[in-house]
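Enquirer: Please find data.cif (mmCIF, C-alpha atoms) on the next line:
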data_upload
#
loop_
_atom_site.label_atom_id
_atom_site.label_comp_id
_atom_site.auth_asym_id
_atom_site.auth_seq_id
_atom_site.Cartn_x
_atom_site.Cartn_y
_atom_site.Cartn_z
CA MET A 1 -69.67 126.29 34.81
CA PHE A 2 -69.18 124.59 38.17
CA ALA A 3 -67.73 121.25 39.29
CA ARG A 4 -67.62 119.48 42.61
CA THR A 5 -65.03 117.00 43.82
CA GLU A 6 -64.66 115.15 47.10
CA ARG A 7 -63.27 118.21 48.90
CA LEU A 8 -63.58 121.11 46.47
CA LEU A 9 -66.04 123.30 44.63
CA LEU A 10 -64.64 124.55 41.33
CA ARG A 11 -66.33 127.74 40.19
CA PRO A 12 -65.65 130.82 38.07
CA SER A 13 -64.15 133.89 39.68
CA TRP A 14 -66.37 136.81 40.67
CA PRO A 15 -65.33 140.42 41.35
CA GLU A 16 -65.92 140.00 45.08
CA ASP A 17 -63.24 137.25 45.13
CA ALA A 18 -60.39 139.71 44.52
CA ALA A 19 -59.34 140.25 48.15
CA GLU A 20 -59.33 136.55 49.04
CA LEU A 21 -57.62 135.71 45.73
CA HIS A 22 -54.88 138.24 46.45
CA GLN A 23 -54.34 136.78 49.91
CA ALA A 24 -54.09 133.23 48.50
CA ILE A 25 -51.66 133.89 45.62
CA ALA A 26 -49.50 136.83 46.76
CA ASP A 27 -46.61 134.53 47.64
CA LYS A 28 -43.37 134.60 45.66
CA GLY A 29 -43.04 130.82 46.09
CA ILE A 30 -46.29 130.36 44.14
CA VAL A 31 -45.93 133.09 41.53
CA ARG A 32 -42.38 132.08 40.53
CA ASN A 33 -43.79 128.75 39.27
CA LEU A 34 -46.40 130.41 37.04
CA ALA A 35 -45.86 131.82 33.56
CA SER A 36 -48.27 134.74 33.46
CA ALA A 37 -48.72 135.99 37.03
CA PRO A 38 -46.57 139.03 37.83
CA TRP A 39 -44.45 139.59 40.93
CA PRO A 40 -45.14 141.38 43.12
CA TYR A 41 -48.77 140.28 42.75
CA ALA A 42 -50.85 143.37 43.48
CA VAL A 43 -54.48 143.73 44.50
CA ALA A 44 -55.10 145.19 41.03
CA ASP A 45 -53.85 141.92 39.49
CA ALA A 46 -56.32 139.96 41.62
CA VAL A 47 -59.13 142.33 40.60
CA GLN A 48 -58.24 141.87 36.92
CA PHE A 49 -58.23 138.07 37.26
CA ALA A 50 -61.48 138.02 39.23
CA MET A 51 -63.24 140.15 36.62
CA GLN A 52 -62.00 138.30 33.53
CA GLU A 53 -64.48 137.07 30.94
CA HIS A 54 -65.31 133.38 31.15
CA ASP A 55 -64.85 131.50 27.87
CA PRO A 56 -66.99 128.33 28.00
CA LEU A 57 -64.45 126.48 25.79
CA TYR A 58 -61.53 127.40 28.06
CA PRO A 59 -62.87 127.53 31.61
CA ALA A 60 -60.80 128.72 34.55
CA PHE A 61 -61.89 127.93 38.08
CA LEU A 62 -61.20 129.09 41.57
CA LEU A 63 -60.75 126.14 43.93
CA MET A 64 -62.96 126.53 46.97
CA LEU A 65 -62.28 124.18 49.87
CA ARG A 66 -65.64 123.05 51.20
CA THR A 67 -65.80 123.55 54.96
CA HIS A 68 -68.53 123.55 57.61
CA GLY A 69 -68.51 127.34 57.28
CA ALA A 70 -67.83 129.53 54.25
CA PRO A 71 -65.77 127.87 51.48
CA ARG A 72 -62.10 128.90 51.49
CA LEU A 73 -60.24 129.88 48.28
CA ILE A 74 -57.14 127.68 48.02
CA GLY A 75 -56.07 127.93 44.38
CA SER A 76 -57.03 127.93 40.75
CA CYS A 77 -57.15 125.43 37.89
CA GLY A 78 -58.23 125.66 34.29
CA ILE A 79 -57.48 125.29 30.62
CA SER A 80 -56.43 127.97 28.18
CA LYS A 81 -55.14 128.41 24.63
CA TYR A 82 -51.37 128.31 24.30
CA GLU A 83 -49.52 128.17 20.97
CA GLY A 84 -52.44 126.52 19.18
CA CYS A 85 -52.95 123.90 21.90
CA VAL A 86 -55.09 123.55 25.02
CA GLU A 87 -53.02 123.87 28.17
CA LEU A 88 -53.86 122.74 31.69
CA SER A 89 -52.56 124.96 34.48
CA TYR A 90 -53.07 125.21 38.23
CA TRP A 91 -51.71 126.69 41.41
CA ILE A 92 -52.36 125.93 45.07
CA SER A 93 -51.91 128.28 48.03
CA ARG A 94 -48.87 127.36 50.13
CA PRO A 95 -50.72 126.09 53.26
CA TYR A 96 -52.39 123.45 51.06
CA TRP A 97 -49.32 122.11 49.23
CA GLY A 98 -48.80 118.36 49.33
CA LEU A 99 -52.42 117.51 50.18
CA GLY A 100 -53.51 116.34 46.72
CA PHE A 101 -55.64 119.36 45.85
CA ALA A 102 -53.88 120.06 42.53
CA THR A 103 -54.46 116.48 41.41
CA GLU A 104 -58.08 116.44 42.60
CA ALA A 105 -58.97 119.73 40.90
CA SER A 106 -57.08 118.88 37.70
CA ARG A 107 -58.91 115.56 37.33
CA ALA A 108 -62.20 117.47 37.35
CA VAL A 109 -60.90 119.99 34.80
CA ILE A 110 -59.59 117.20 32.54
CA ASN A 111 -63.06 115.60 32.57
CA ILE A 112 -64.60 118.97 31.71
CA ALA A 113 -62.11 119.45 28.85
CA ARG A 114 -63.04 116.00 27.51
CA THR A 115 -66.77 116.79 27.79
CA ILE A 116 -66.30 120.09 25.95
CA GLY A 117 -64.68 118.14 23.12
CA HIS A 118 -60.97 118.86 23.47
CA LYS A 119 -58.89 115.96 22.16
CA LYS A 120 -55.54 116.64 23.82
CA LEU A 121 -54.10 118.71 26.65
CA ILE A 122 -50.59 119.98 27.13
CA ALA A 123 -48.94 121.07 30.35
CA SER A 124 -45.49 122.07 31.53
CA HIS A 125 -43.52 122.92 34.63
CA PHE A 126 -40.32 124.81 35.21
CA THR A 127 -37.41 122.42 35.77
CA ASP A 128 -36.92 123.67 39.33
CA ASN A 129 -40.52 122.73 40.24
CA PRO A 130 -40.47 118.91 40.08
CA ALA A 131 -43.52 118.62 42.39
CA SER A 132 -45.67 119.85 39.51
CA GLY A 133 -44.25 117.09 37.32
CA ASN A 134 -45.35 114.55 39.93
CA VAL A 135 -48.90 115.93 39.74
CA LEU A 136 -48.91 115.74 35.93
CA ARG A 137 -47.71 112.13 35.91
CA LYS A 138 -50.41 111.18 38.45
CA LEU A 139 -52.94 112.68 36.05
CA GLY A 140 -51.69 110.49 33.20
CA PHE A 141 -49.72 113.14 31.33
CA GLN A 142 -46.78 111.80 29.35
CA ASN A 143 -43.41 113.53 29.40
CA THR A 144 -42.68 114.36 25.73
CA GLY A 145 -38.93 114.24 26.33
CA LYS A 146 -38.75 117.86 25.22
CA THR A 147 -38.04 121.10 27.00
CA ALA A 148 -38.71 124.69 25.97
CA SER A 149 -37.85 128.14 27.16
CA ARG A 150 -40.85 130.02 28.58
CA HIS A 151 -41.02 133.47 30.07
CA SER A 152 -42.08 133.73 33.71
CA ASN A 153 -43.58 137.12 34.53
CA GLY A 154 -42.99 136.42 38.22
CA ARG A 155 -39.27 135.81 37.70
CA ARG A 156 -38.98 138.38 34.91
CA GLU A 157 -36.92 135.99 32.82
CA ALA A 158 -37.22 132.96 30.58
CA MET A 159 -36.87 129.58 32.26
CA THR A 160 -36.64 126.02 30.96
CA CYS A 161 -39.89 124.01 31.07
CA VAL A 162 -40.46 120.27 30.80
CA LEU A 163 -43.29 119.54 28.33
CA TYR A 164 -46.11 117.04 28.81
CA GLU A 165 -49.21 116.01 26.90
CA LYS A 166 -52.29 113.89 27.49
CA ALA A 167 -54.63 112.48 24.86
CA LEU A 168 -58.25 112.73 25.94
CA GLU A 169 -59.43 110.03 23.58
CA ASP A 170 -58.31 106.58 24.64
CA ALA A 171 -58.97 103.69 22.28
CA GLY A 172 -60.08 101.61 25.25
CA SER A 173 -62.61 104.19 26.37
CA ALA A 174 -64.46 104.46 23.07
CA PRO A 175 -68.00 103.18 23.44
CA THR A 176 -68.50 99.74 22.02
CA LEU A 177 -71.53 99.32 19.85
CA MET A 178 -73.79 96.34 20.43
CA PRO A 179 -74.30 94.13 17.39
CA PRO A 180 -77.60 94.83 15.69
CA LEU A 181 -80.50 92.75 16.92
CA PRO A 182 -82.01 90.35 14.44
CA ALA A 183 -85.10 91.66 12.73
CA PHE A 184 -88.22 90.86 14.71
CA ASN A 185 -91.14 89.38 12.79
CA ILE A 186 -94.30 89.20 14.90
CA ARG A 187 -96.12 86.87 12.44
CA ALA A 188 -93.27 84.32 12.48
CA THR A 189 -93.10 84.46 16.28
CA ILE A 190 -96.87 83.80 16.64
CA ASP A 191 -96.70 80.91 14.14
CA ARG A 192 -93.74 79.41 16.05
CA LEU A 193 -95.55 79.68 19.39
CA GLN A 194 -98.77 78.13 18.00
CA ALA A 195 -96.82 75.22 16.53
CA ALA A 196 -95.19 74.46 19.88
#
Translate this structure into structure tokens?

Expert:
Amino acid sequence: MFARTERLLLRPSWPEDAAELHQAIADKGIVRNLASAPWPYAVADAVQFAMQEHDPLYPAFLLMLRTHGAPRLIGSCGISKYEGCVELSYWISRPYWGLGFATEASRAVINIARTIGHKKLIASHFTDNPASGNVLRKLGFQNTGKTASRHSNGRREAMTCVLYEKALEDAGSAPTLMPPLPAFNIRATIDRLQAA
């Protein structure tokens, strides 16, 4: 599965992405804000991620910045199963922070999740990463008012997360059905035209 946004190509990872992936994510400032990525992030971790199976119901994408030359890997975004729910997650390489790439990529992934048939997404961020909360609110996620403890492999400890959710079915976006057309009777129409 692929998606294209104004500035990005979202595509699955391939084994040959491992070196560029490692270069993009091997930054403690990135990994500390993720739940599952380990620190230090080794080349073997990048190889494992790049070779993972792709579940069509829970796609994960590499974010490739479209350039005049070869596309540049700048992050990742996708959905996955977490505690019986569907969770949105993303990360952006440090040189591209604050440029709207997380929001742009996540919008595309949210649309894909809706198309697949998911009804709701959840997301969270560690309390010391408020920038991620800003992204989630821009995407229309609602703060549930709850927090939870979640283990961060990169920090090697549990941290407090702020919890968000987003319904993918809006009452206002449901298609409206047109009222049925009156039955058409060709004989009555011809008779009416001849009488006129």

Enquirer: Looking at only C-alpha atoms, which of A:Gln142, A:Thr115, A:Ser124, A:Ser106 is the one that sits closest to Leu10 (chain A)?

Expert: A:Ser106

Enquirer: Do you know which residues lie at most 9 Å from (-58.6, 125.2, 31.3), with coordinates as in the file and all atoms listed in the file counted, and could you write them as a PyMOL selection string?

Expert: chain A and resi 57-61+77-81+86-90+109-110+112-113

Enquirer: Now that the selection is made, can you save its residues with C-alpha atoms as an mmCIF file, in the frame of the given file?

Expert:
data_model
loop_
_atom_site.group_PDB
_atom_site.id
_atom_site.type_symbol
_atom_site.label_atom_id
_atom_site.label_comp_id
_atom_site.auth_asym_id
_atom_site.auth_seq_id
_atom_site.Cartn_x
_atom_site.Cartn_y
_atom_site.Cartn_z
ATOM 1 C CA LEU A 57 -64.450 126.480 25.790
ATOM 2 C CA TYR A 58 -61.530 127.400 28.060
ATOM 3 C CA PRO A 59 -62.870 127.530 31.610
ATOM 4 C CA ALA A 60 -60.800 128.720 34.550
ATOM 5 C CA PHE A 61 -61.890 127.930 38.080
ATOM 6 C CA CYS A 77 -57.150 125.430 37.890
ATOM 7 C CA GLY A 78 -58.230 125.660 34.290
ATOM 8 C CA ILE A 79 -57.480 125.290 30.620
ATOM 9 C CA SER A 80 -56.430 127.970 28.180
ATOM 10 C CA LYS A 81 -55.140 128.410 24.630
ATOM 11 C CA VAL A 86 -55.090 123.550 25.020
ATOM 12 C CA GLU A 87 -53.020 123.870 28.170
ATOM 13 C CA LEU A 88 -53.860 122.740 31.690
ATOM 14 C CA SER A 89 -52.560 124.960 34.480
ATOM 15 C CA TYR A 90 -53.070 125.210 38.230
ATOM 16 C CA VAL A 109 -60.900 119.990 34.800
ATOM 17 C CA ILE A 110 -59.590 117.200 32.540
ATOM 18 C CA ILE A 112 -64.600 118.970 31.710
ATOM 19 C CA ALA A 113 -62.110 119.450 28.850
#

Enquirer: Check which residues satisfy the PyMOL selection byres ((chain A and resi 163) around 12) in the file shown, then give them as a PyMOL selection string.

Expert: chain A and resi 87-88+121-127+132-133+136-137+141-150+160-162+164-166

Enquirer: I need the residue nearest Ala131 (chain A) from this list: A:Phe49, A:Phe2, A:Trp39, A:Trp97. Use all atoms listed in the file for the distance.

Expert: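 Of A:Phe49, A:Phe2, A:Trp39, A:Trp97, the one nearest Ala131 (chain A) is A:Trp97, counting all atoms listed in the file.
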
Enquirer: What is the CA of Leu8 (chain A) to CA of Leu63 (chain A) distance in Å?

Expert: 6.3 Å

Enquirer: Specify as a list in words each residue included when the PyMOL selection byres ((chain A and resi 14) around 9) is applied to this file.

Expert: Pro12, Ser13, Pro15, Glu16, Asp17, Ala18, Phe49, Ala50, Met51 and Gln52 of chain A

Enquirer: Smallest atom-to-atom distance to Ala42 (chain A): which of A:Arg107, A:Lys28, A:Arg11, A:Arg66, using only C-alpha atoms?

Expert: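 Smallest separation from Ala42 (chain A) among the options: A:Lys28.
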
Enquirer: If you measure from CA of Thr5 (chain A) to CA of Pro95 (chain A), what distance in Å do you get, rounded to one decimal?

Expert: 19.4 Å

Enquirer: Could you state which residues are captured by the PyMOL selection byres ((chain A and resi 34) around 10) in this file, as an MDAnalysis selection string?

Expert: chainID A and resid 29:33 35:38 89:91 125:126 151:155

Enquirer: Hey, can you spit out that residue selection with C-alpha atoms as an mmCIF file, in the coordinates of the input?

Expert:
data_model
loop_
_atom_site.group_PDB
_atom_site.id
_atom_site.type_symbol
_atom_site.label_atom_id
_atom_site.label_comp_id
_atom_site.auth_asym_id
_atom_site.auth_seq_id
_atom_site.Cartn_x
_atom_site.Cartn_y
_atom_site.Cartn_z
ATOM 1 C CA GLY A 29 -43.040 130.820 46.090
ATOM 2 C CA ILE A 30 -46.290 130.360 44.140
ATOM 3 C CA VAL A 31 -45.930 133.090 41.530
ATOM 4 C CA ARG A 32 -42.380 132.080 40.530
ATOM 5 C CA ASN A 33 -43.790 128.750 39.270
ATOM 6 C CA ALA A 35 -45.860 131.820 33.560
ATOM 7 C CA SER A 36 -48.270 134.740 33.460
ATOM 8 C CA ALA A 37 -48.720 135.990 37.030
ATOM 9 C CA PRO A 38 -46.570 139.030 37.830
ATOM 10 C CA SER A 89 -52.560 124.960 34.480
ATOM 11 C CA TYR A 90 -53.070 125.210 38.230
ATOM 12 C CA TRP A 91 -51.710 126.690 41.410
ATOM 13 C CA HIS A 125 -43.520 122.920 34.630
ATOM 14 C CA PHE A 126 -40.320 124.810 35.210
ATOM 15 C CA HIS A 151 -41.020 133.470 30.070
ATOM 16 C CA SER A 152 -42.080 133.730 33.710
ATOM 17 C CA ASN A 153 -43.580 137.120 34.530
ATOM 18 C CA GLY A 154 -42.990 136.420 38.220
ATOM 19 C CA ARG A 155 -39.270 135.810 37.700
#

Enquirer: Work out how far apart CA of Gly100 (chain A) and CA of Ile116 (chain A) are and give it in Å to one decimal.

Expert: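 Interatomic distance here is 24.7 Å.
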
Enquirer: Hey, which of A:Ala158, A:Leu99, A:Ala44, A:Leu9 ends up closest to Leu65 (chain A)? Count all atoms listed in the file.

Expert: A:Leu9

Enquirer: Near Ala19 (chain A), within 8 Å and counting all atoms listed in the file, which residues show up once chain neighbours fewer than 5 positions away are dropped, as a ChimeraX atom specification?

Expert: /A:43,46-47

Enquirer: Emit region 112-156 of chain A of the structure in the block as a file comprising N, CA and C atoms, as a PDB file, in the first residue's frame.

Expert:
ATOM      1  N   ILE A 112      -6.497   6.343   5.285  1.00  0.00           N
ATOM      2  CA  ILE A 112      -6.326   4.928   4.947  1.00  0.00           C
ATOM      3  C   ILE A 112      -7.040   4.055   5.978  1.00  0.00           C
ATOM      4  N   ALA A 113      -6.886   4.380   7.261  1.00  0.00           N
ATOM      5  CA  ALA A 113      -7.556   3.617   8.324  1.00  0.00           C
ATOM      6  C   ALA A 113      -9.067   3.639   8.131  1.00  0.00           C
ATOM      7  N   ARG A 114      -9.605   4.813   7.784  1.00  0.00           N
ATOM      8  CA  ARG A 114     -11.049   4.940   7.535  1.00  0.00           C
ATOM      9  C   ARG A 114     -11.454   4.076   6.344  1.00  0.00           C
ATOM     10  N   THR A 115     -10.667   4.109   5.268  1.00  0.00           N
ATOM     11  CA  THR A 115     -10.967   3.334   4.062  1.00  0.00           C
ATOM     12  C   THR A 115     -10.926   1.838   4.351  1.00  0.00           C
ATOM     13  N   ILE A 116      -9.985   1.407   5.165  1.00  0.00           N
ATOM     14  CA  ILE A 116      -9.881  -0.005   5.534  1.00  0.00           C
ATOM     15  C   ILE A 116     -11.117  -0.445   6.308  1.00  0.00           C
ATOM     16  N   GLY A 117     -11.722   0.480   7.048  1.00  0.00           N
ATOM     17  CA  GLY A 117     -12.928   0.151   7.806  1.00  0.00           C
ATOM     18  C   GLY A 117     -12.789   0.292   9.307  1.00  0.00           C
ATOM     19  N   HIS A 118     -11.664   0.833   9.777  1.00  0.00           N
ATOM     20  CA  HIS A 118     -11.518   1.062  11.214  1.00  0.00           C
ATOM     21  C   HIS A 118     -12.461   2.182  11.630  1.00  0.00           C
ATOM     22  N   LYS A 119     -13.062   2.038  12.796  1.00  0.00           N
ATOM     23  CA  LYS A 119     -14.071   2.989  13.274  1.00  0.00           C
ATOM     24  C   LYS A 119     -13.515   4.036  14.231  1.00  0.00           C
ATOM     25  N   LYS A 120     -12.400   3.710  14.883  1.00  0.00           N
ATOM     26  CA  LYS A 120     -11.838   4.624  15.876  1.00  0.00           C
ATOM     27  C   LYS A 120     -10.338   4.393  15.962  1.00  0.00           C
ATOM     28  N   LEU A 121      -9.602   5.474  16.212  1.00  0.00           N
ATOM     29  CA  LEU A 121      -8.171   5.386  16.454  1.00  0.00           C
ATOM     30  C   LEU A 121      -7.874   5.916  17.854  1.00  0.00           C
ATOM     31  N   ILE A 122      -6.846   5.366  18.450  1.00  0.00           N
ATOM     32  CA  ILE A 122      -6.326   5.920  19.691  1.00  0.00           C
ATOM     33  C   ILE A 122      -4.900   6.390  19.432  1.00  0.00           C
ATOM     34  N   ALA A 123      -4.403   7.219  20.300  1.00  0.00           N
ATOM     35  CA  ALA A 123      -3.021   7.681  20.219  1.00  0.00           C
ATOM     36  C   ALA A 123      -2.638   8.173  21.607  1.00  0.00           C
ATOM     37  N   SER A 124      -1.349   8.317  21.831  1.00  0.00           N
ATOM     38  CA  SER A 124      -0.890   8.828  23.118  1.00  0.00           C
ATOM     39  C   SER A 124       0.475   9.484  22.938  1.00  0.00           C
ATOM     40  N   HIS A 125       0.858  10.248  23.935  1.00  0.00           N
ATOM     41  CA  HIS A 125       2.220  10.788  23.956  1.00  0.00           C
ATOM     42  C   HIS A 125       2.669  10.855  25.403  1.00  0.00           C
ATOM     43  N   PHE A 126       3.967  10.710  25.599  1.00  0.00           N
ATOM     44  CA  PHE A 126       4.507  10.851  26.942  1.00  0.00           C
ATOM     45  C   PHE A 126       4.321  12.304  27.384  1.00  0.00           C
ATOM     46  N   THR A 127       4.093  12.498  28.673  1.00  0.00           N
ATOM     47  CA  THR A 127       3.767  13.847  29.166  1.00  0.00           C
ATOM     48  C   THR A 127       4.878  14.863  28.912  1.00  0.00           C
ATOM     49  N   ASP A 128       6.114  14.391  28.764  1.00  0.00           N
ATOM     50  CA  ASP A 128       7.203  15.334  28.507  1.00  0.00           C
ATOM     51  C   ASP A 128       7.447  15.549  27.010  1.00  0.00           C
ATOM     52  N   ASN A 129       6.472  15.159  26.187  1.00  0.00           N
ATOM     53  CA  ASN A 129       6.547  15.392  24.737  1.00  0.00           C
ATOM     54  C   ASN A 129       5.271  16.101  24.269  1.00  0.00           C
ATOM     55  N   PRO A 130       5.037  17.333  24.735  1.00  0.00           N
ATOM     56  CA  PRO A 130       3.797  18.028  24.395  1.00  0.00           C
ATOM     57  C   PRO A 130       3.660  18.345  22.907  1.00  0.00           C
ATOM     58  N   ALA A 131       4.754  18.399  22.159  1.00  0.00           N
ATOM     59  CA  ALA A 131       4.664  18.680  20.715  1.00  0.00           C
ATOM     60  C   ALA A 131       3.820  17.617  20.016  1.00  0.00           C
ATOM     61  N   SER A 132       3.915  16.376  20.474  1.00  0.00           N
ATOM     62  CA  SER A 132       3.114  15.314  19.875  1.00  0.00           C
ATOM     63  C   SER A 132       1.628  15.522  20.171  1.00  0.00           C
ATOM     64  N   GLY A 133       1.319  16.050  21.332  1.00  0.00           N
ATOM     65  CA  GLY A 133      -0.069  16.381  21.651  1.00  0.00           C
ATOM     66  C   GLY A 133      -0.616  17.452  20.723  1.00  0.00           C
ATOM     67  N   ASN A 134       0.228  18.424  20.361  1.00  0.00           N
ATOM     68  CA  ASN A 134      -0.196  19.458  19.412  1.00  0.00           C
ATOM     69  C   ASN A 134      -0.553  18.840  18.066  1.00  0.00           C
ATOM     70  N   VAL A 135       0.261  17.875  17.614  1.00  0.00           N
ATOM     71  CA  VAL A 135      -0.013  17.196  16.349  1.00  0.00           C
ATOM     72  C   VAL A 135      -1.354  16.465  16.436  1.00  0.00           C
ATOM     73  N   LEU A 136      -1.576  15.730  17.519  1.00  0.00           N
ATOM     74  CA  LEU A 136      -2.809  14.957  17.656  1.00  0.00           C
ATOM     75  C   LEU A 136      -4.037  15.863  17.660  1.00  0.00           C
ATOM     76  N   ARG A 137      -3.953  16.986  18.338  1.00  0.00           N
ATOM     77  CA  ARG A 137      -5.105  17.908  18.357  1.00  0.00           C
ATOM     78  C   ARG A 137      -5.359  18.498  16.973  1.00  0.00           C
ATOM     79  N   LYS A 138      -4.298  18.798  16.209  1.00  0.00           N
ATOM     80  CA  LYS A 138      -4.472  19.292  14.839  1.00  0.00           C
ATOM     81  C   LYS A 138      -5.188  18.262  13.974  1.00  0.00           C
ATOM     82  N   LEU A 139      -4.963  16.994  14.281  1.00  0.00           N
ATOM     83  CA  LEU A 139      -5.568  15.903  13.513  1.00  0.00           C
ATOM     84  C   LEU A 139      -7.002  15.598  13.953  1.00  0.00           C
ATOM     85  N   GLY A 140      -7.486  16.310  14.968  1.00  0.00           N
ATOM     86  CA  GLY A 140      -8.853  16.098  15.424  1.00  0.00           C
ATOM     87  C   GLY A 140      -8.995  15.051  16.514  1.00  0.00           C
ATOM     88  N   PHE A 141      -7.879  14.614  17.098  1.00  0.00           N
ATOM     89  CA  PHE A 141      -7.965  13.686  18.224  1.00  0.00           C
ATOM     90  C   PHE A 141      -8.448  14.451  19.453  1.00  0.00           C
ATOM     91  N   GLN A 142      -9.233  13.776  20.271  1.00  0.00           N
ATOM     92  CA  GLN A 142      -9.752  14.366  21.494  1.00  0.00           C
ATOM     93  C   GLN A 142      -8.986  13.804  22.689  1.00  0.00           C
ATOM     94  N   ASN A 143      -8.551  14.689  23.574  1.00  0.00           N
ATOM     95  CA  ASN A 143      -7.923  14.259  24.811  1.00  0.00           C
ATOM     96  C   ASN A 143      -9.004  13.599  25.657  1.00  0.00           C
ATOM     97  N   THR A 144      -8.778  12.359  26.092  1.00  0.00           N
ATOM     98  CA  THR A 144      -9.781  11.629  26.873  1.00  0.00           C
ATOM     99  C   THR A 144      -9.830  12.096  28.327  1.00  0.00           C
ATOM    100  N   GLY A 145      -8.853  12.903  28.733  1.00  0.00           N
ATOM    101  CA  GLY A 145      -8.773  13.308  30.129  1.00  0.00           C
ATOM    102  C   GLY A 145      -8.123  12.248  31.001  1.00  0.00           C
ATOM    103  N   LYS A 146      -7.626  11.186  30.372  1.00  0.00           N
ATOM    104  CA  LYS A 146      -7.008  10.093  31.116  1.00  0.00           C
ATOM    105  C   LYS A 146      -5.522  10.013  30.800  1.00  0.00           C
ATOM    106  N   THR A 147      -4.795   9.441  31.737  1.00  0.00           N
ATOM    107  CA  THR A 147      -3.394   9.125  31.525  1.00  0.00           C
ATOM    108  C   THR A 147      -3.195   7.653  31.848  1.00  0.00           C
ATOM    109  N   ALA A 148      -2.087   7.110  31.393  1.00  0.00           N
ATOM    110  CA  ALA A 148      -1.751   5.714  31.673  1.00  0.00           C
ATOM    111  C   ALA A 148      -0.238   5.587  31.736  1.00  0.00           C
ATOM    112  N   SER A 149       0.203   4.573  32.402  1.00  0.00           N
ATOM    113  CA  SER A 149       1.628   4.274  32.458  1.00  0.00           C
ATOM    114  C   SER A 149       1.946   3.337  31.292  1.00  0.00           C
ATOM    115  N   ARG A 150       3.001   3.666  30.535  1.00  0.00           N
ATOM    116  CA  ARG A 150       3.386   2.840  29.393  1.00  0.00           C
ATOM    117  C   ARG A 150       4.905   2.705  29.370  1.00  0.00           C
ATOM    118  N   HIS A 151       5.341   1.494  29.122  1.00  0.00           N
ATOM    119  CA  HIS A 151       6.782   1.254  29.107  1.00  0.00           C
ATOM    120  C   HIS A 151       7.405   1.836  27.846  1.00  0.00           C
ATOM    121  N   SER A 152       8.529   2.492  27.993  1.00  0.00           N
ATOM    122  CA  SER A 152       9.318   2.989  26.873  1.00  0.00           C
ATOM    123  C   SER A 152      10.586   2.153  26.814  1.00  0.00           C
ATOM    124  N   ASN A 153      10.744   1.392  25.739  1.00  0.00           N
ATOM    125  CA  ASN A 153      11.970   0.602  25.584  1.00  0.00           C
ATOM    126  C   ASN A 153      13.198   1.505  25.513  1.00  0.00           C
ATOM    127  N   GLY A 154      13.048   2.667  24.880  1.00  0.00           N
ATOM    128  CA  GLY A 154      14.176   3.584  24.749  1.00  0.00           C
ATOM    129  C   GLY A 154      14.631   4.158  26.074  1.00  0.00           C
ATOM    130  N   ARG A 155      13.706   4.366  26.994  1.00  0.00           N
ATOM    131  CA  ARG A 155      14.049   4.908  28.310  1.00  0.00           C
ATOM    132  C   ARG A 155      14.287   3.800  29.337  1.00  0.00           C
ATOM    133  N   ARG A 156      13.833   2.606  28.990  1.00  0.00           N
ATOM    134  CA  ARG A 156      13.936   1.435  29.867  1.00  0.00           C
ATOM    135  C   ARG A 156      13.172   1.621  31.168  1.00  0.00           C
TER     136      ARG A 156
END
